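A.B. asks: This one is model25.cif, mmCIF, C-alpha atoms, pLDDT in the B column; chains and numbers go by the auth columns.
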```cif
data_model
#
loop_
_atom_site.group_PDB
_atom_site.id
_atom_site.type_symbol
_atom_site.label_atom_id
_atom_site.label_comp_id
_atom_site.label_asym_id
_atom_site.label_seq_id
_atom_site.Cartn_x
_atom_site.Cartn_y
_atom_site.Cartn_z
_atom_site.B_iso_or_equiv
_atom_site.auth_seq_id
_atom_site.auth_asym_id
ATOM 1 C CA MET A 1 51.718 102.772 87.270 43.00 1 A
ATOM 2 C CA PRO A 2 53.835 100.099 85.522 46.00 2 A
ATOM 3 C CA ASP A 3 55.644 97.517 87.620 50.00 3 A
ATOM 4 C CA VAL A 4 59.338 98.116 88.074 47.00 4 A
ATOM 5 C CA LYS A 5 61.382 94.936 88.001 49.00 5 A
ATOM 6 C CA SER A 6 64.275 94.755 90.406 48.00 6 A
ATOM 7 C CA ASP A 7 67.710 93.781 89.089 55.00 7 A
ATOM 8 C CA ARG A 8 68.835 92.803 92.560 67.00 8 A
ATOM 9 C CA VAL A 9 70.171 89.295 93.090 66.00 9 A
ATOM 10 C CA PRO A 10 67.626 87.153 94.973 80.00 10 A
ATOM 11 C CA LEU A 11 68.316 86.764 98.677 76.00 11 A
ATOM 12 C CA ARG A 12 68.944 83.017 98.494 78.00 12 A
ATOM 13 C CA GLN A 13 71.478 83.477 95.685 82.00 13 A
ATOM 14 C CA ARG A 14 73.240 86.266 97.570 81.00 14 A
ATOM 15 C CA GLN A 15 73.431 84.087 100.656 84.00 15 A
ATOM 16 C CA ALA A 16 74.888 81.221 98.617 82.00 16 A
ATOM 17 C CA LEU A 17 77.518 83.525 97.084 87.00 17 A
ATOM 18 C CA GLU A 18 78.404 84.903 100.492 91.00 18 A
ATOM 19 C CA THR A 19 78.770 81.392 101.912 92.00 19 A
ATOM 20 C CA ARG A 20 81.021 80.453 98.976 92.00 20 A
ATOM 21 C CA ARG A 21 83.209 83.536 99.532 91.00 21 A
ATOM 22 C CA SER A 22 83.355 82.901 103.263 93.00 22 A
ATOM 23 C CA ILE A 23 84.559 79.329 102.767 94.00 23 A
ATOM 24 C CA ALA A 24 87.132 80.346 100.149 93.00 24 A
ATOM 25 C CA GLY A 25 88.395 83.148 102.396 91.00 25 A
ATOM 26 C CA ALA A 26 88.689 80.822 105.384 93.00 26 A
ATOM 27 C CA ALA A 27 90.536 78.238 103.284 93.00 27 A
ATOM 28 C CA ARG A 28 92.894 80.868 101.877 91.00 28 A
ATOM 29 C CA THR A 29 93.862 81.867 105.414 91.00 29 A
ATOM 30 C CA LEU A 30 94.317 78.291 106.626 93.00 30 A
ATOM 31 C CA PHE A 31 96.193 77.137 103.519 91.00 31 A
ATOM 32 C CA ALA A 32 98.598 80.064 103.926 88.00 32 A
ATOM 33 C CA GLU A 33 99.120 79.464 107.646 89.00 33 A
ATOM 34 C CA GLY A 34 99.259 75.675 107.863 90.00 34 A
ATOM 35 C CA GLY A 35 99.732 74.472 104.307 89.00 35 A
ATOM 36 C CA TYR A 36 97.341 72.888 101.857 91.00 36 A
ATOM 37 C CA ALA A 37 98.095 69.263 102.718 91.00 37 A
ATOM 38 C CA ALA A 38 97.777 69.760 106.476 92.00 38 A
ATOM 39 C CA THR A 39 94.470 71.652 106.312 94.00 39 A
ATOM 40 C CA SER A 40 91.331 69.524 106.538 95.00 40 A
ATOM 41 C CA ILE A 41 87.891 70.276 105.145 96.00 41 A
ATOM 42 C CA GLU A 42 86.633 70.153 108.732 96.00 42 A
ATOM 43 C CA ALA A 43 89.077 72.888 109.725 96.00 43 A
ATOM 44 C CA VAL A 44 87.961 75.035 106.804 96.00 44 A
ATOM 45 C CA ALA A 45 84.320 74.510 107.720 96.00 45 A
ATOM 46 C CA GLN A 46 84.957 75.445 111.334 96.00 46 A
ATOM 47 C CA GLU A 47 86.853 78.586 110.320 95.00 47 A
ATOM 48 C CA ALA A 48 84.035 79.597 107.949 95.00 48 A
ATOM 49 C CA GLY A 49 81.310 78.785 110.477 95.00 49 A
ATOM 50 C CA VAL A 50 79.548 76.196 108.328 95.00 50 A
ATOM 51 C CA ALA A 51 79.100 72.433 108.352 95.00 51 A
ATOM 52 C CA ALA A 52 81.686 70.271 106.592 96.00 52 A
ATOM 53 C CA ARG A 53 78.934 68.851 104.361 96.00 53 A
ATOM 54 C CA THR A 54 78.275 72.407 103.129 95.00 54 A
ATOM 55 C CA VAL A 55 81.890 72.732 102.015 96.00 55 A
ATOM 56 C CA TYR A 56 81.739 69.408 100.197 96.00 56 A
ATOM 57 C CA SER A 57 78.413 70.331 98.611 95.00 57 A
ATOM 58 C CA ILE A 58 79.724 73.618 97.218 94.00 58 A
ATOM 59 C CA PHE A 59 83.293 72.715 96.279 95.00 59 A
ATOM 60 C CA GLY A 60 83.559 68.936 96.276 93.00 60 A
ATOM 61 C CA GLY A 61 86.889 69.067 98.085 92.00 61 A
ATOM 62 C CA LYS A 62 90.029 71.095 98.652 93.00 62 A
ATOM 63 C CA LYS A 63 90.967 71.210 94.969 93.00 63 A
ATOM 64 C CA GLY A 64 87.678 72.921 94.182 94.00 64 A
ATOM 65 C CA ILE A 65 88.313 75.469 96.908 94.00 65 A
ATOM 66 C CA LEU A 66 91.783 76.142 95.522 93.00 66 A
ATOM 67 C CA ALA A 67 90.342 76.718 92.057 91.00 67 A
ATOM 68 C CA ALA A 68 87.844 79.203 93.519 92.00 68 A
ATOM 69 C CA ILE A 69 90.635 81.064 95.311 92.00 69 A
ATOM 70 C CA CYS A 70 92.499 81.416 92.011 91.00 70 A
ATOM 71 C CA GLU A 71 89.384 82.553 90.158 89.00 71 A
ATOM 72 C CA GLU A 72 88.786 85.198 92.797 89.00 72 A
ATOM 73 C CA TRP A 73 92.417 86.316 92.549 90.00 73 A
ATOM 74 C CA LEU A 74 92.271 86.762 88.765 88.00 74 A
ATOM 75 C CA ALA A 75 88.881 88.479 88.953 88.00 75 A
ATOM 76 C CA GLU A 76 90.183 90.890 91.590 88.00 76 A
ATOM 77 C CA ALA A 77 93.199 91.662 89.420 89.00 77 A
ATOM 78 C CA GLY A 78 91.043 92.198 86.312 90.00 78 A
ATOM 79 C CA VAL A 79 93.391 90.045 84.252 87.00 79 A
ATOM 80 C CA MET A 80 90.821 88.724 81.777 86.00 80 A
ATOM 81 C CA GLU A 81 89.397 92.181 81.102 91.00 81 A
ATOM 82 C CA THR A 82 92.874 93.565 80.444 91.00 82 A
ATOM 83 C CA VAL A 83 93.726 90.721 78.067 87.00 83 A
ATOM 84 C CA ALA A 84 90.411 91.200 76.241 89.00 84 A
ATOM 85 C CA GLU A 85 91.167 94.905 75.853 92.00 85 A
ATOM 86 C CA GLY A 86 94.529 94.036 74.343 89.00 86 A
ATOM 87 C CA LEU A 87 93.065 91.601 71.832 89.00 87 A
ATOM 88 C CA ALA A 88 90.548 94.226 70.748 92.00 88 A
ATOM 89 C CA THR A 89 93.264 96.474 69.311 93.00 89 A
ATOM 90 C CA ARG A 90 95.426 95.908 66.241 93.00 90 A
ATOM 91 C CA ASP A 91 98.268 97.992 67.664 96.00 91 A
ATOM 92 C CA LEU A 92 100.912 95.518 68.829 96.00 92 A
ATOM 93 C CA ARG A 93 102.705 98.120 70.925 96.00 93 A
ATOM 94 C CA ARG A 94 99.467 98.758 72.802 96.00 94 A
ATOM 95 C CA ARG A 95 98.952 95.026 73.234 96.00 95 A
ATOM 96 C CA LEU A 96 102.396 94.683 74.790 96.00 96 A
ATOM 97 C CA ALA A 97 101.676 97.580 77.134 96.00 97 A
ATOM 98 C CA LEU A 98 98.511 95.803 78.257 95.00 98 A
ATOM 99 C CA VAL A 99 100.494 92.588 78.811 95.00 99 A
ATOM 100 C CA ALA A 100 102.656 94.586 81.203 96.00 100 A
ATOM 101 C CA LEU A 101 99.587 95.980 82.937 95.00 101 A
ATOM 102 C CA ALA A 102 97.947 92.550 83.258 93.00 102 A
ATOM 103 C CA ASN A 103 101.101 91.057 84.751 95.00 103 A
ATOM 104 C CA ARG A 104 101.539 93.942 87.160 95.00 104 A
ATOM 105 C CA ARG A 105 97.948 93.535 88.373 94.00 105 A
ATOM 106 C CA GLN A 106 98.206 89.765 88.624 93.00 106 A
ATOM 107 C CA TRP A 107 101.435 89.616 90.620 94.00 107 A
ATOM 108 C CA GLU A 108 100.617 92.692 92.681 93.00 108 A
ATOM 109 C CA SER A 109 97.395 91.154 93.977 90.00 109 A
ATOM 110 C CA GLU A 110 98.409 87.513 94.488 88.00 110 A
ATOM 111 C CA ARG A 111 99.121 87.854 98.253 84.00 111 A
ATOM 112 C CA GLY A 112 100.605 84.415 98.760 86.00 112 A
ATOM 113 C CA VAL A 113 98.434 82.479 96.302 89.00 113 A
ATOM 114 C CA ARG A 114 101.432 81.444 94.162 89.00 114 A
ATOM 115 C CA ALA A 115 103.248 79.874 97.100 88.00 115 A
ATOM 116 C CA MET A 116 100.000 78.218 98.147 90.00 116 A
ATOM 117 C CA LEU A 117 99.549 76.721 94.669 90.00 117 A
ATOM 118 C CA GLU A 118 103.113 75.449 94.411 90.00 118 A
ATOM 119 C CA GLY A 119 102.900 73.924 97.872 90.00 119 A
ATOM 120 C CA ALA A 120 99.596 72.241 97.059 92.00 120 A
ATOM 121 C CA ALA A 121 100.946 70.908 93.753 92.00 121 A
ATOM 122 C CA ALA A 122 103.928 69.380 95.562 92.00 122 A
ATOM 123 C CA SER A 123 101.630 67.263 97.729 89.00 123 A
ATOM 124 C CA ASP A 124 98.685 66.578 95.409 91.00 124 A
ATOM 125 C CA ALA A 125 99.080 65.141 91.903 93.00 125 A
ATOM 126 C CA GLU A 126 95.648 66.399 90.827 91.00 126 A
ATOM 127 C CA VAL A 127 96.517 69.945 91.864 92.00 127 A
ATOM 128 C CA ALA A 128 99.846 69.601 90.033 94.00 128 A
ATOM 129 C CA ARG A 129 97.971 68.697 86.838 93.00 129 A
ATOM 130 C CA MET A 130 95.537 71.568 87.380 91.00 130 A
ATOM 131 C CA LEU A 131 98.405 74.020 87.878 90.00 131 A
ATOM 132 C CA ALA A 132 100.191 72.717 84.777 92.00 132 A
ATOM 133 C CA GLY A 133 96.994 73.282 82.800 91.00 133 A
ATOM 134 C CA TRP A 134 96.703 76.851 84.042 89.00 134 A
ATOM 135 C CA LYS A 135 100.315 77.556 83.113 88.00 135 A
ATOM 136 C CA SER A 136 99.693 76.110 79.663 90.00 136 A
ATOM 137 C CA ASP A 137 96.604 78.306 79.230 89.00 137 A
ATOM 138 C CA ARG A 138 98.619 81.359 80.290 87.00 138 A
ATOM 139 C CA ALA A 139 101.328 80.533 77.746 87.00 139 A
ATOM 140 C CA HIS A 140 98.667 80.117 75.064 89.00 140 A
ATOM 141 C CA SER A 141 97.210 83.537 75.890 88.00 141 A
ATOM 142 C CA PHE A 142 100.625 85.092 75.241 89.00 142 A
ATOM 143 C CA GLY A 143 100.619 83.483 71.814 90.00 143 A
ATOM 144 C CA GLU A 144 97.297 85.176 71.074 92.00 144 A
ATOM 145 C CA ILE A 145 98.903 88.560 71.757 93.00 145 A
ATOM 146 C CA VAL A 146 101.002 88.335 68.595 93.00 146 A
ATOM 147 C CA ALA A 147 98.721 86.067 66.529 92.00 147 A
ATOM 148 C CA GLY A 148 97.858 87.744 63.245 92.00 148 A
ATOM 149 C CA LEU A 149 100.334 90.555 63.846 94.00 149 A
ATOM 150 C CA GLU A 150 103.559 88.667 63.161 93.00 150 A
ATOM 151 C CA GLY A 151 104.332 91.123 60.353 94.00 151 A
ATOM 152 C CA ASP A 152 104.645 93.898 62.931 96.00 152 A
ATOM 153 C CA LEU A 153 107.441 92.129 64.819 96.00 153 A
ATOM 154 C CA ARG A 154 111.106 93.050 64.605 95.00 154 A
ATOM 155 C CA GLN A 155 112.963 91.441 61.720 94.00 155 A
ATOM 156 C CA GLY A 156 114.160 87.960 62.686 94.00 156 A
ATOM 157 C CA VAL A 157 111.513 87.513 65.392 95.00 157 A
ATOM 158 C CA ASP A 158 108.682 85.119 64.567 95.00 158 A
ATOM 159 C CA GLY A 159 105.517 84.423 66.522 94.00 159 A
ATOM 160 C CA ASN A 160 106.967 81.511 68.493 94.00 160 A
ATOM 161 C CA ARG A 161 110.013 83.473 69.590 95.00 161 A
ATOM 162 C CA ALA A 162 107.895 86.483 70.501 96.00 162 A
ATOM 163 C CA THR A 163 105.590 84.292 72.604 95.00 163 A
ATOM 164 C CA ALA A 164 108.572 82.764 74.405 95.00 164 A
ATOM 165 C CA VAL A 165 110.011 86.206 75.154 96.00 165 A
ATOM 166 C CA ILE A 166 106.699 87.499 76.519 96.00 166 A
ATOM 167 C CA ARG A 167 106.279 84.409 78.679 94.00 167 A
ATOM 168 C CA ALA A 168 109.803 84.615 80.087 95.00 168 A
ATOM 169 C CA LEU A 169 109.777 88.333 80.854 96.00 169 A
ATOM 170 C CA SER A 170 106.285 88.129 82.378 94.00 170 A
ATOM 171 C CA SER A 171 107.232 85.545 84.987 93.00 171 A
ATOM 172 C CA ALA A 172 106.292 86.035 88.614 93.00 172 A
ATOM 173 C CA GLU A 173 109.921 85.477 89.589 94.00 173 A
ATOM 174 C CA ILE A 174 111.052 88.603 87.741 96.00 174 A
ATOM 175 C CA TYR A 175 108.281 90.655 89.377 96.00 175 A
ATOM 176 C CA SER A 176 109.298 89.336 92.811 94.00 176 A
ATOM 177 C CA GLU A 177 112.959 90.061 92.154 95.00 177 A
ATOM 178 C CA LEU A 178 112.391 93.647 91.055 97.00 178 A
ATOM 179 C CA VAL A 179 109.496 94.685 93.297 96.00 179 A
ATOM 180 C CA GLY A 180 110.048 92.384 96.258 90.00 180 A
ATOM 181 C CA TRP A 181 113.840 92.449 96.489 93.00 181 A
ATOM 182 C CA GLU A 182 115.006 95.538 94.624 95.00 182 A
ATOM 183 C CA GLY A 183 112.257 97.788 95.959 95.00 183 A
ATOM 184 C CA TRP A 184 110.771 98.875 92.638 97.00 184 A
ATOM 185 C CA THR A 185 107.220 100.164 92.683 96.00 185 A
ATOM 186 C CA PRO A 186 104.596 98.253 90.672 96.00 186 A
ATOM 187 C CA ASP A 187 104.359 101.318 88.407 97.00 187 A
ATOM 188 C CA GLU A 188 108.100 101.124 87.696 97.00 188 A
ATOM 189 C CA TYR A 189 107.820 97.410 86.951 97.00 189 A
ATOM 190 C CA GLU A 190 104.937 97.939 84.537 97.00 190 A
ATOM 191 C CA GLU A 191 106.739 100.717 82.660 97.00 191 A
ATOM 192 C CA TRP A 192 109.949 98.682 82.499 98.00 192 A
ATOM 193 C CA LEU A 193 108.202 95.567 81.169 97.00 193 A
ATOM 194 C CA SER A 194 106.184 97.520 78.602 97.00 194 A
ATOM 195 C CA ASP A 195 109.273 99.321 77.307 97.00 195 A
ATOM 196 C CA LEU A 196 111.416 96.182 77.260 97.00 196 A
ATOM 197 C CA LEU A 197 108.866 94.086 75.387 97.00 197 A
ATOM 198 C CA ALA A 198 108.516 96.816 72.779 97.00 198 A
ATOM 199 C CA GLU A 199 112.287 97.212 72.470 96.00 199 A
ATOM 200 C CA VAL A 200 112.931 93.488 72.060 97.00 200 A
ATOM 201 C CA LEU A 201 109.982 92.566 69.856 97.00 201 A
ATOM 202 C CA LEU A 202 109.165 95.616 67.729 97.00 202 A
ATOM 203 C CA PRO A 203 111.120 97.414 65.006 95.00 203 A
ATOM 204 C CA PRO A 204 112.717 100.710 66.005 90.00 204 A
ATOM 205 C CA GLN A 205 110.113 103.427 66.431 78.00 205 A
ATOM 206 C CA SER A 206 111.271 105.321 63.317 52.00 206 A
ATOM 207 C CA ALA A 207 110.880 102.202 61.175 50.00 207 A
ATOM 208 C CA GLN A 208 107.242 101.658 62.077 52.00 208 A
ATOM 209 C CA GLY A 209 104.260 102.982 60.253 50.00 209 A
ATOM 210 C CA PRO A 210 101.259 104.635 61.929 50.00 210 A
ATOM 211 C CA ASP A 211 99.439 102.817 64.732 48.00 211 A
ATOM 212 C CA ARG A 212 96.667 100.469 63.661 44.00 212 A
ATOM 213 C CA ARG A 213 93.716 100.435 66.006 41.00 213 A
#
```
Spell out the structure here as structure tokens.

C.D. replies:
Amino acid sequence: MPDVKSDRVPLRQRQALETRRSIAGAARTLFAEGGYAATSIEAVAQEAGVAARTVYSIFGGKKGILAAICEEWLAEAGVMETVAEGLATRDLRRRLALVALANRRQWESERGVRAMLEGAAASDAEVARMLAGWKSDRAHSFGEIVAGLEGDLRQGVDGNRATAVIRALSSAEIYSELVGWEGWTPDEYEEWLSDLLAEVLLPPQSAQGPDRR
């Protein structure tokens, strides 16, 4: 009988991943409760039930932990997969709908990470540079949404203007205002953003040709 190879992750690797998640989860709780600047590596280690040297070995310091928290947030929200799906289609209207979906998922699942990041950036210049880089990458990804499809935009709207509009309307502040303060559901926000982006950036429906997928 032929050997059957297991696809399971080796025990040591699973334990390492679990330790990493445990530390990041403990730090996320402590950063939210006491603030990034006031939380020590020793406090994170104690909360996670590991030695401080383990935290340093895995993350290097608090900035590394913060980066891991953000990676986990985006992975949980499925942002990269949604963006990749959008870039795989040539239908700009569909791409804009997926921008709305990605933003809805990102802001819906952040659970205090944004405030944590802004607070950390205010007290740590390295975190501020890291956050600025992430914001720049996010802005660049919006430019990719319309890249190569500028001819499908509404007359008078070029790629730069379209990117600026997408970036502005996709801000976390607008999501917080509508969902947090006005009581909209995330579904309502997503539909609103998708429709508005299409209305502002695309020609009227009757003036467009067939979808290109």

A.B. asks: Do a neighbour search on range 85-88 of chain A at 12 Å with all atoms listed in the file, toss out local chain neighbours closer than 5 positions, and write the hits as a JSON list (two decimals) with C-alpha atoms, keeping the file's coordinate frame.

C.D. replies:
```
[["chain", "number", "residue", "atom", "x", "y", "z"],
["A", 78, "GLY", "CA", 91.04, 92.20, 86.31],
["A", 79, "VAL", "CA", 93.39, 90.04, 84.25],
["A", 80, "MET", "CA", 90.82, 88.72, 81.78],
["A", 93, "ARG", "CA", 102.70, 98.12, 70.92],
["A", 94, "ARG", "CA", 99.47, 98.76, 72.80],
["A", 95, "ARG", "CA", 98.95, 95.03, 73.23],
["A", 96, "LEU", "CA", 102.40, 94.68, 74.79],
["A", 97, "ALA", "CA", 101.68, 97.58, 77.13],
["A", 98, "LEU", "CA", 98.51, 95.80, 78.26],
["A", 99, "VAL", "CA", 100.49, 92.59, 78.81],
["A", 100, "ALA", "CA", 102.66, 94.59, 81.20],
["A", 101, "LEU", "CA", 99.59, 95.98, 82.94],
["A", 102, "ALA", "CA", 97.95, 92.55, 83.26],
["A", 141, "SER", "CA", 97.21, 83.54, 75.89],
["A", 142, "PHE", "CA", 100.62, 85.09, 75.24],
["A", 143, "GLY", "CA", 100.62, 83.48, 71.81],
["A", 144, "GLU", "CA", 97.30, 85.18, 71.07],
["A", 145, "ILE", "CA", 98.90, 88.56, 71.76],
["A", 146, "VAL", "CA", 101.00, 88.34, 68.60],
["A", 147, "ALA", "CA", 98.72, 86.07, 66.53],
["A", 148, "GLY", "CA", 97.86, 87.74, 63.24],
["A", 149, "LEU", "CA", 100.33, 90.56, 63.85],
["A", 212, "ARG", "CA", 96.67, 100.47, 63.66],
["A", 213, "ARG", "CA", 93.72, 100.44, 66.01]]
```

A.B. asks: Using the chain letters and numbering of this document, enumerate as a VMD selection string the residues selected by the PyMOL selection byres ((chain A and resi 46-62) around 10).

C.D. replies: chain A and resid 16 19 to 27 29 to 31 36 to 37 39 to 45 63 to 68 120 127

A.B. asks: When distances are computed from only C-alpha atoms, which of A:Met116, A:Val165, A:Ala121, A:Val179 shows the smallest separation from Glu199 in chain A?

C.D. replies: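 Among A:Met116, A:Val165, A:Ala121, A:Val179, it is A:Val165 that comes nearest to Glu199 in chain A.
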
A.B. asks: In Å to one decimal, how far is CA of Glu81 in chain A from CA of Asp195 in chain A?

C.D. replies: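 A separation of 21.5 Å between them.
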
A.B. asks: Between A:Leu201, A:Ile166, A:Val83, A:Leu17, which one has atoms that come closest to Gly151 in chain A, using only C-alpha atoms?

C.D. replies: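 Selected residue with least distance to Gly151 in chain A: A:Leu201.
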
A.B. asks: Identify which of the residues A:Ala172, A:Leu92, A:Ala125, A:Ala75 lies closest to Glu108 in chain A, counting all atoms listed in the file when measuring atom-to-atom distances.

C.D. replies: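 Nearest candidate to Glu108 in chain A out of A:Ala172, A:Leu92, A:Ala125, A:Ala75: A:Ala172.
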